[in-house]
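Participant: My structure file start_1.txt, compact mmCIF, C-alpha atoms and all ligand atoms, is below:
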# COMPACT_ATOMS: atom_id res chain seq x y z
CA MET V 139 117.75 82.93 88.68
CA LYS V 140 116.57 86.53 89.00
CA LYS V 141 114.95 87.26 92.33
CA ASN V 142 111.36 88.43 91.95
CA GLY V 143 110.60 92.06 92.86
CA LEU V 144 109.07 93.41 96.03
CA VAL V 145 105.49 92.46 96.91
CA ILE V 146 103.46 94.94 98.97
CA ALA V 147 100.03 93.94 100.30
CA ILE V 148 97.44 96.43 101.55
CA ASP V 149 94.19 95.37 103.22
CA GLY V 150 91.45 97.21 105.05
CA PRO V 151 87.73 98.01 105.19
CA ALA V 152 85.66 100.02 102.69
CA ALA V 153 86.64 103.59 101.79
CA VAL V 154 89.69 103.61 104.01
CA GLY V 155 91.92 105.11 101.32
CA LYS V 156 93.68 101.95 100.17
CA SER V 157 93.21 102.73 96.49
CA THR V 158 94.39 106.34 96.64
CA ILE V 159 97.46 105.53 98.71
CA GLY V 160 98.12 102.27 96.85
CA LYS V 161 98.19 104.06 93.50
CA LEU V 162 100.42 106.87 94.80
CA ILE V 163 102.92 104.42 96.26
CA ALA V 164 102.93 102.26 93.14
CA ARG V 165 103.50 105.35 90.98
CA GLU V 166 106.32 106.58 93.18
CA LEU V 167 108.06 103.20 93.20
CA GLY V 168 107.34 102.43 89.54
CA PHE V 169 105.42 99.32 90.63
CA LEU V 170 102.34 97.71 89.18
CA TYR V 171 99.15 98.47 91.13
CA ILE V 172 96.40 95.88 91.39
CA ASP V 173 93.06 96.70 92.99
CA THR V 174 91.51 93.28 93.69
CA GLY V 175 88.23 94.94 94.69
CA ALA V 176 87.89 95.94 91.03
CA ILE V 177 87.90 92.23 90.12
CA TYR V 178 85.02 91.48 92.51
CA ARG V 179 83.24 94.57 91.26
CA ALA V 180 83.72 93.46 87.65
CA ILE V 181 82.22 90.04 88.42
CA THR V 182 79.30 91.78 90.16
CA TRP V 183 78.80 94.01 87.12
CA LYS V 184 78.43 90.95 84.89
CA VAL V 185 76.14 89.14 87.35
CA LEU V 186 73.79 92.14 87.49
CA LYS V 187 73.95 92.67 83.74
CA ASN V 188 72.84 89.08 83.18
CA ASN V 189 70.16 89.22 85.89
CA ILE V 190 71.78 86.35 87.77
CA ASP V 191 70.67 85.75 91.35
CA ILE V 192 73.49 87.15 93.56
CA ASN V 193 73.10 84.20 95.95
CA ASP V 194 73.33 81.47 93.32
CA GLU V 195 76.90 80.30 93.87
CA ASN V 196 76.88 77.61 91.19
CA VAL V 197 75.53 79.79 88.42
CA ILE V 198 77.92 82.62 89.31
CA SER V 199 80.82 80.19 89.50
CA ASN V 200 79.96 78.88 86.08
CA MET V 201 79.78 82.46 84.80
CA VAL V 202 83.22 83.23 86.31
CA SER V 203 84.71 80.19 84.54
CA ASN V 204 83.49 81.67 81.29
CA THR V 205 84.59 85.23 81.97
CA TYR V 206 87.78 86.80 80.73
CA ILE V 207 89.07 89.59 83.00
CA THR V 208 92.11 91.67 82.11
CA ILE V 209 93.68 94.72 83.71
CA GLU V 210 95.73 97.25 81.80
CA LYS V 211 97.66 100.27 82.94
CA ALA V 212 96.12 103.56 81.77
CA ASN V 213 97.76 107.00 81.82
CA CYS V 214 98.84 106.85 85.46
CA LYS V 215 98.95 110.68 85.69
CA SER V 216 95.41 110.92 87.03
CA LEU V 217 94.42 108.68 89.92
CA ASN V 218 90.95 108.43 88.41
CA ASP V 219 92.33 107.05 85.19
CA TYR V 220 94.97 104.73 86.52
CA TYR V 221 93.98 101.44 84.96
CA HIS V 222 91.36 99.86 82.76
CA ILE V 223 89.61 96.66 83.68
CA PHE V 224 87.98 94.66 80.93
CA VAL V 225 85.27 92.03 81.24
CA ASP V 226 85.21 89.93 78.07
CA GLY V 227 86.85 92.83 76.22
CA GLU V 228 84.56 95.58 77.54
CA ASP V 229 86.12 98.35 79.65
CA VAL V 230 84.08 98.56 82.86
CA ALA V 231 86.44 100.76 84.94
CA GLU V 232 83.80 103.51 85.27
CA GLU V 233 80.73 101.36 85.66
CA ILE V 234 82.06 99.26 88.53
CA ARG V 235 82.08 102.40 90.72
CA ASN V 236 78.30 102.78 90.45
CA PRO V 237 76.59 102.61 93.90
CA ARG V 238 74.54 99.70 92.54
CA ILE V 239 77.73 97.64 92.51
CA ASP V 240 78.56 98.76 96.09
CA GLN V 241 75.19 97.47 97.14
CA ASN V 242 75.70 93.95 95.78
CA VAL V 243 79.43 93.21 95.61
CA SER V 244 79.93 91.85 99.13
CA GLN V 245 77.15 89.30 98.70
CA ILE V 246 79.02 87.84 95.77
CA ALA V 247 82.50 88.22 97.32
CA ARG V 248 81.40 86.16 100.32
CA LEU V 249 80.85 83.05 98.16
CA PRO V 250 83.75 80.61 98.76
CA LYS V 251 83.64 79.05 95.29
CA ILE V 252 84.03 82.43 93.63
CA ARG V 253 86.89 83.47 95.92
CA LYS V 254 88.72 80.20 95.28
CA GLN V 255 88.37 80.69 91.53
CA LEU V 256 89.93 84.14 91.79
CA ILE V 257 92.96 83.16 93.89
CA TYR V 258 94.85 81.90 90.87
CA LEU V 259 94.27 85.06 88.80
CA GLN V 260 95.43 87.29 91.68
CA ARG V 261 98.57 85.22 92.30
CA ILE V 262 99.50 85.23 88.63
CA LEU V 263 99.14 89.03 88.56
CA ALA V 264 101.52 89.31 91.53
CA GLU V 265 104.00 86.72 90.30
CA LYS V 266 106.71 89.01 88.99
CA GLY V 267 106.74 91.24 92.05
CA ASP V 268 107.34 95.00 92.13
CA ILE V 269 103.67 95.22 92.85
CA VAL V 270 101.23 96.88 95.23
CA MET V 271 98.15 94.68 95.60
CA GLU V 272 95.20 95.80 97.69
CA GLY V 273 92.02 94.17 98.93
CA ARG V 274 90.63 92.38 101.97
CA ASP V 275 92.55 89.09 102.16
CA ILE V 276 95.79 89.87 100.35
CA GLY V 277 98.13 89.60 103.35
CA SER V 278 96.19 86.70 104.87
CA VAL V 279 95.21 84.42 101.96
CA ILE V 280 96.30 85.57 98.52
CA LEU V 281 99.90 86.58 99.23
CA PRO V 282 100.79 85.40 102.74
CA GLN V 283 104.48 85.59 101.76
CA ALA V 284 104.27 89.28 100.76
CA ASP V 285 107.42 91.20 101.69
CA ILE V 286 105.55 94.07 103.37
CA LYS V 287 101.95 94.07 104.58
CA PHE V 288 99.85 97.04 105.63
CA TYR V 289 96.43 97.07 107.22
CA PHE V 290 94.60 100.40 106.94
CA THR V 291 92.00 101.69 109.36
CA ALA V 292 90.12 104.97 109.79
CA SER V 293 87.06 105.89 111.81
CA GLU V 294 83.74 104.81 110.33
CA GLU V 295 82.53 108.41 110.20
CA GLU V 296 85.55 109.56 108.25
CA ARG V 297 85.29 106.67 105.79
CA ILE V 298 81.60 107.38 105.13
CA LYS V 299 82.34 111.10 104.63
CA ARG V 300 85.16 110.32 102.18
CA ARG V 301 83.08 107.88 100.11
CA HIS V 302 80.06 110.21 100.05
CA LYS V 303 82.22 113.07 98.81
CA GLU V 304 83.89 110.84 96.22
CA LEU V 305 80.54 109.66 94.81
CA MET V 306 79.11 113.20 94.74
CA ASN V 307 82.23 114.40 92.89
CA LYS V 308 81.66 111.66 90.34
CA GLY V 309 78.14 112.99 89.74
CA TYR V 310 76.07 110.41 91.66
CA SER V 311 73.39 112.12 93.74
CA ILE V 312 73.31 109.72 96.66
CA ASP V 313 72.46 110.78 100.18
CA TYR V 314 74.82 110.44 103.12
CA GLU V 315 72.59 107.99 105.02
CA LYS V 316 72.51 105.60 102.08
CA VAL V 317 76.31 105.62 101.77
CA LYS V 318 76.52 105.06 105.52
CA LYS V 319 74.19 102.06 105.34
CA GLN V 320 76.09 100.53 102.41
CA ILE V 321 79.51 100.89 104.02
CA ILE V 322 78.39 99.47 107.36
CA GLN V 323 76.66 96.57 105.65
CA ARG V 324 79.62 95.81 103.35
CA ASP V 325 82.12 95.85 106.23
CA LYS V 326 79.88 93.53 108.20
CA ILE V 327 79.56 90.98 105.40
CA ASP V 328 83.27 91.24 104.51
CA SER V 329 84.51 90.72 108.06
CA LYS V 330 81.98 88.08 109.10
CA ARG V 331 82.18 85.75 106.11
CA LYS V 332 83.58 82.31 106.88
CA TYR V 333 86.03 82.00 104.01
CA ALA V 334 88.83 84.59 103.68
CA PRO V 335 87.26 87.38 105.74
CA LEU V 336 88.59 90.91 106.01
CA ILE V 337 91.31 90.53 108.61
CA LYS V 338 94.60 92.08 109.67
CA ALA V 339 97.37 89.56 109.04
CA LYS V 340 99.45 89.05 112.17
CA ASP V 341 102.54 90.52 110.54
CA ALA V 342 100.78 93.50 108.93
CA ILE V 343 101.67 97.06 109.91
CA LEU V 344 98.61 98.95 111.13
CA ILE V 345 98.08 102.38 109.55
CA ASN V 346 95.37 104.58 111.02
CA SER V 347 94.58 107.32 108.51
CA THR V 348 91.91 109.15 110.56
CA GLU V 349 92.67 112.87 110.50
CA LYS V 350 95.80 112.30 108.41
CA SER V 351 96.25 113.81 104.98
CA ILE V 352 96.89 111.62 101.94
CA GLU V 353 100.41 113.09 101.70
CA GLU V 354 101.16 112.26 105.32
CA VAL V 355 100.06 108.63 104.98
CA LYS V 356 101.87 108.23 101.67
CA ASP V 357 105.14 109.63 103.03
CA LYS V 358 104.92 107.46 106.12
CA ILE V 359 104.40 104.32 104.09
CA LEU V 360 107.19 105.11 101.65
CA LYS V 361 109.51 105.68 104.60
CA ILE V 362 108.58 102.32 106.11
CA ILE V 363 109.14 100.56 102.79
CA LYS V 364 112.56 102.19 102.37
CA ASN V 365 113.56 101.33 105.95
CA ILE V 366 112.55 97.72 105.53
CA GLU V 367 114.32 97.48 102.18
CA ASN V 368 117.48 99.09 103.55
CA ALA V 369 117.51 96.89 106.59
CA GLY V 370 117.05 93.93 104.28
CA LYS V 371 114.70 92.34 106.70
CA LYS V 372 111.01 91.60 107.04
CA GLN V 373 108.72 94.03 108.77
CA ILE V 374 108.40 94.46 112.49
CA GLU V 375 105.46 92.53 113.90
CA ASN V 376 102.41 94.48 115.06
CA ASN V 377 103.97 97.83 114.41
CA ILE V 378 101.32 100.47 114.94
CA ILE V 379 101.82 103.67 113.02
O1 LIG E 401 87.00 100.72 97.38
P1 LIG E 401 86.25 100.04 98.47
O2 LIG E 401 87.02 100.01 99.73
O3 LIG E 401 84.89 100.56 98.65
O4 LIG E 401 85.99 98.54 98.05
P2 LIG E 401 86.78 97.65 97.02
O5 LIG E 401 88.18 97.49 97.46
O6 LIG E 401 86.52 98.12 95.64
O7 LIG E 401 86.06 96.23 97.22
C1 LIG E 401 84.70 96.04 96.92
C2 LIG E 401 84.22 94.78 97.60
O8 LIG E 401 84.87 93.65 97.02
C3 LIG E 401 84.49 94.65 99.09
O9 LIG E 401 83.52 95.27 99.90
C4 LIG E 401 84.51 93.14 99.28
O10 LIG E 401 83.23 92.63 99.41
C5 LIG E 401 85.09 92.65 97.96
N1 LIG E 401 86.53 92.32 98.04
C6 LIG E 401 86.90 91.14 98.63
O11 LIG E 401 86.05 90.42 99.15
N2 LIG E 401 88.20 90.75 98.63
C7 LIG E 401 89.14 91.53 98.09
N3 LIG E 401 90.41 91.11 98.08
C8 LIG E 401 88.80 92.75 97.52
C9 LIG E 401 87.48 93.15 97.53
Written as C-alpha cells, that's how I'd like the structure from this file.

Facilitator:
Amino acid sequence: MKKNGLVIAIDGPAAVGKSTIGKLIARELGFLYIDTGAIYRAITWKVLKNNIDINDENVISNMVSNTYITIEKANCKSLNDYYHIFVDGEDVAEEIRNPRIDQNVSQIARLPKIRKQLIYLQRILAEKGDIVMEGRDIGSVILPQADIKFYFTASEEERIKRRHKELMNKGYSIDYEKVKKQIIQRDKIDSKRKYAPLIKAKDAILINSTEKSIEEVKDKILKIIKNIENAGKKQIENNII
C-alpha cells in the first residue's frame, strides 16, 4: 500500500501570518493548502445571509447539514487568489474576508455541534497527505497524528497592525481601534471556548514571527521540514524557534 504523503499542521491566533506562510510553503513543496478558517468563515457567511441567530446552535447545525462546501485550487501565482471556496456552488472567497465576518465568526466557531460536524470534512481533505492545513485546533484535534506541527505567535500589536494594513489594502475603510477590538475579542473567544480551543499542541514547534520578515519565517520553516524529513523522524518536542 502506498504510504500517504506528509501532513503539516499550522495553528495560531488571528492575523499571525499562518495563511501567508502556509500558502508559500505549500506552493514551494507542491502541497495542497487548506485554510480551515475559510470553512468557518463560509458557514458564518451563510448564517448572516439567512439572518440566522449566531447563537442558535441547533438551527446552525441543521443549516450546516444542508450546506455543500467545496474548495478548489485557483491560480496559485498570487497569494490573494490561491483558492476558491464555494458554498452551495457560490464562490465566497472574497466575501468571507469582509470585517462583518470577522466580527461574528468566533461566536459560531465556538459551538461544539458545528465543530464536530466539520471534523469529518477536514479529515477527508487531509486524507491523502502532502498537505498544509492551518487553523486553531489542527494539531490538537483535527490531525493529532500530523507529521509536523507548528504553532505561530506574534505580538498582539504586530498582528493588529498587519490585519489593519491588509484590510485597508483590500479597500475596507476600517479604523485601527476597531480591528484591535475584533482581534482581541476573537482570540479571547477562540482560546477560552470549552470544545477544541486554540491551543499549542504539546509536540508543536513554536514559531514567533514578531519582527521577522515573511521570507525569514518561510525559509526557517522549510529548513525545519527538510531536516525532519531527512532525519526520518518526528519533530523535536517543544522546540522554540
Ligand atoms: O485569518 P485569521 O487568523 O484572521 O482567521 P481565520 O484563520 O480565517 O479563522 C477565522 C475564525 O474561524 C477564527 O477566529 C476562529 O474563530 C475560527 N476557526 C476555528 O475555530 N478553528 C479553526 N480550525 C479555524 C478557524

Participant: Counting all atoms listed in the file, figure out which residue out of V:Val225, V:Ile148, V:Val317, V:Met306 gets nearest to Ile172 in chain V.

Facilitator: V:Ile148

Participant: For range 226-231 of chain V, list every protein, DNA or RNA residue within 9 Å, evaluated using only C-alpha atoms, and leave out those in the same chain fewer than 5 positions away; present the list as a ChimeraX atom specification.

Facilitator: /V:176,180,183,205-208,219,221

Participant: Go through V:Leu281, V:Lys287, V:Pro250, V:Asp268 one by one, measure the shortest atom-to-atom distance of each to Asp194 in chain V using only C-alpha atoms, and give the residue with the smallest value.

Facilitator: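 Under the stated criterion, the closest residue is V:Pro250.
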
Participant: Show me which residues are within 6 Å of ligand LIG 401 (chain E) counting all atoms listed in the file, and format the list as a list in words.

Facilitator: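 With all atoms listed in the file and a cut-off of 6 Å, ligand LIG 401 (chain E) is contacted by Pro151, Ala152, Ala153, Thr174, Gly175, Ala176, Tyr178, Val243, Ser244, Ala247, Gly273, Arg274, Asp275, Ile276, Arg324 and Asp328 of chain V.
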
Participant: Selection from above, C-alpha atoms, as a compact mmCIF listing (two decimals), in the frame of the given file, can you write it?

Facilitator:
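Writing the result to result.txt gives the following:
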# COMPACT_ATOMS: atom_id res chain seq x y z
CA PRO V 151 87.73 98.01 105.19
CA ALA V 152 85.66 100.02 102.69
CA ALA V 153 86.64 103.59 101.79
CA THR V 174 91.51 93.28 93.69
CA GLY V 175 88.23 94.94 94.69
CA ALA V 176 87.89 95.94 91.03
CA TYR V 178 85.02 91.48 92.51
CA VAL V 243 79.43 93.21 95.61
CA SER V 244 79.93 91.85 99.13
CA ALA V 247 82.50 88.22 97.32
CA GLY V 273 92.02 94.17 98.93
CA ARG V 274 90.63 92.38 101.97
CA ASP V 275 92.55 89.09 102.16
CA ILE V 276 95.79 89.87 100.35
CA ARG V 324 79.62 95.81 103.35
CA ASP V 328 83.27 91.24 104.51

Participant: Between CA of Tyr333 in chain V and CA of Ala292 in chain V, what is the distance in Å, rounded to a tenth?

Facilitator: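 CA of Ala292 in chain V lies at a distance of 24.0 Å from CA of Tyr333 in chain V.
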
Participant: Need to verify the contact set: Tyr314 in chain V, 9 Å, all atoms listed in the file, exclusion of same-chain residues closer than 2 positions in sequence. Can you return it as an mmCIF file with C-alpha atoms, in the coordinates of the input?

Facilitator:
data_model
loop_
_atom_site.group_PDB
_atom_site.id
_atom_site.type_symbol
_atom_site.label_atom_id
_atom_site.label_comp_id
_atom_site.auth_asym_id
_atom_site.auth_seq_id
_atom_site.Cartn_x
_atom_site.Cartn_y
_atom_site.Cartn_z
ATOM 1 C CA ILE V 298 81.600 107.380 105.130
ATOM 2 C CA LYS V 299 82.340 111.100 104.630
ATOM 3 C CA HIS V 302 80.060 110.210 100.050
ATOM 4 C CA LYS V 303 82.220 113.070 98.810
ATOM 5 C CA ILE V 312 73.310 109.720 96.660
ATOM 6 C CA LYS V 316 72.510 105.600 102.080
ATOM 7 C CA VAL V 317 76.310 105.620 101.770
ATOM 8 C CA LYS V 318 76.520 105.060 105.520
ATOM 9 C CA LYS V 319 74.190 102.060 105.340
#

Participant: Which is closest to Gly155 in chain V among V:Lys350, V:Arg179, V:Lys266, V:Lys332, if we use all atoms listed in the file?

Facilitator: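 The closest residue to Gly155 in chain V is V:Lys350.
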
Participant: CA of Val197 in chain V to CA of Lys184 in chain V: how many Å, to one decimal?

Facilitator: 12.1 Å

Participant: Restricting the calculation to all atoms listed in the file: of V:Ile209, V:Glu166, V:Ile345, V:Arg235, which residue gets closest to Gln260 in chain V?

Facilitator: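 Looking at the shortest contact to Gln260 in chain V, the residue is V:Ile209.
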
Participant: From the list V:Met201, V:Leu217, V:Ile239, V:Leu336, which residue is nearest Lys251 in chain V when using only C-alpha atoms?

Facilitator: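 Comparing V:Met201, V:Leu217, V:Ile239, V:Leu336 against Lys251 in chain V, the winner is V:Met201.
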
Participant: So, counting all atoms listed in the file, which residue among V:Arg301, V:Lys326, V:Arg253, V:Lys211 is closest to Ser199 in chain V?

Facilitator: V:Arg253

Participant: Calculate how many Å separate CA of Leu344 in chain V from CA of Ile359 in chain V, rounding to one decimal.

Facilitator: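 A separation of 10.6 Å between them.
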
Participant: Dump as a list in words all residues having an atom at most 10 Å from (104.1, 87.9, 91.0), computed in the file's coordinates with all atoms listed in the file.

Facilitator: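 Returned residue set, sorted by chain then number, is Asn142, Gly143, Leu144, Val145, Gln260, Arg261, Ile262, Leu263, Ala264, Glu265, Lys266, Gly267, Asp268, Ile269, Leu281 and Ala284 of chain V.
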
Participant: Please put the answer as AutoDock Vina command-line options: centre and edge lengths, in Å with one decimal, of a box along x, y and z that encloses all listed atoms of range 207-214 of chain V plus 6 Å on each side.

Facilitator:
--center_x 94.0 --center_y 98.3 --center_z 83.6 --size_x 21.8 --size_y 29.4 --size_z 15.7
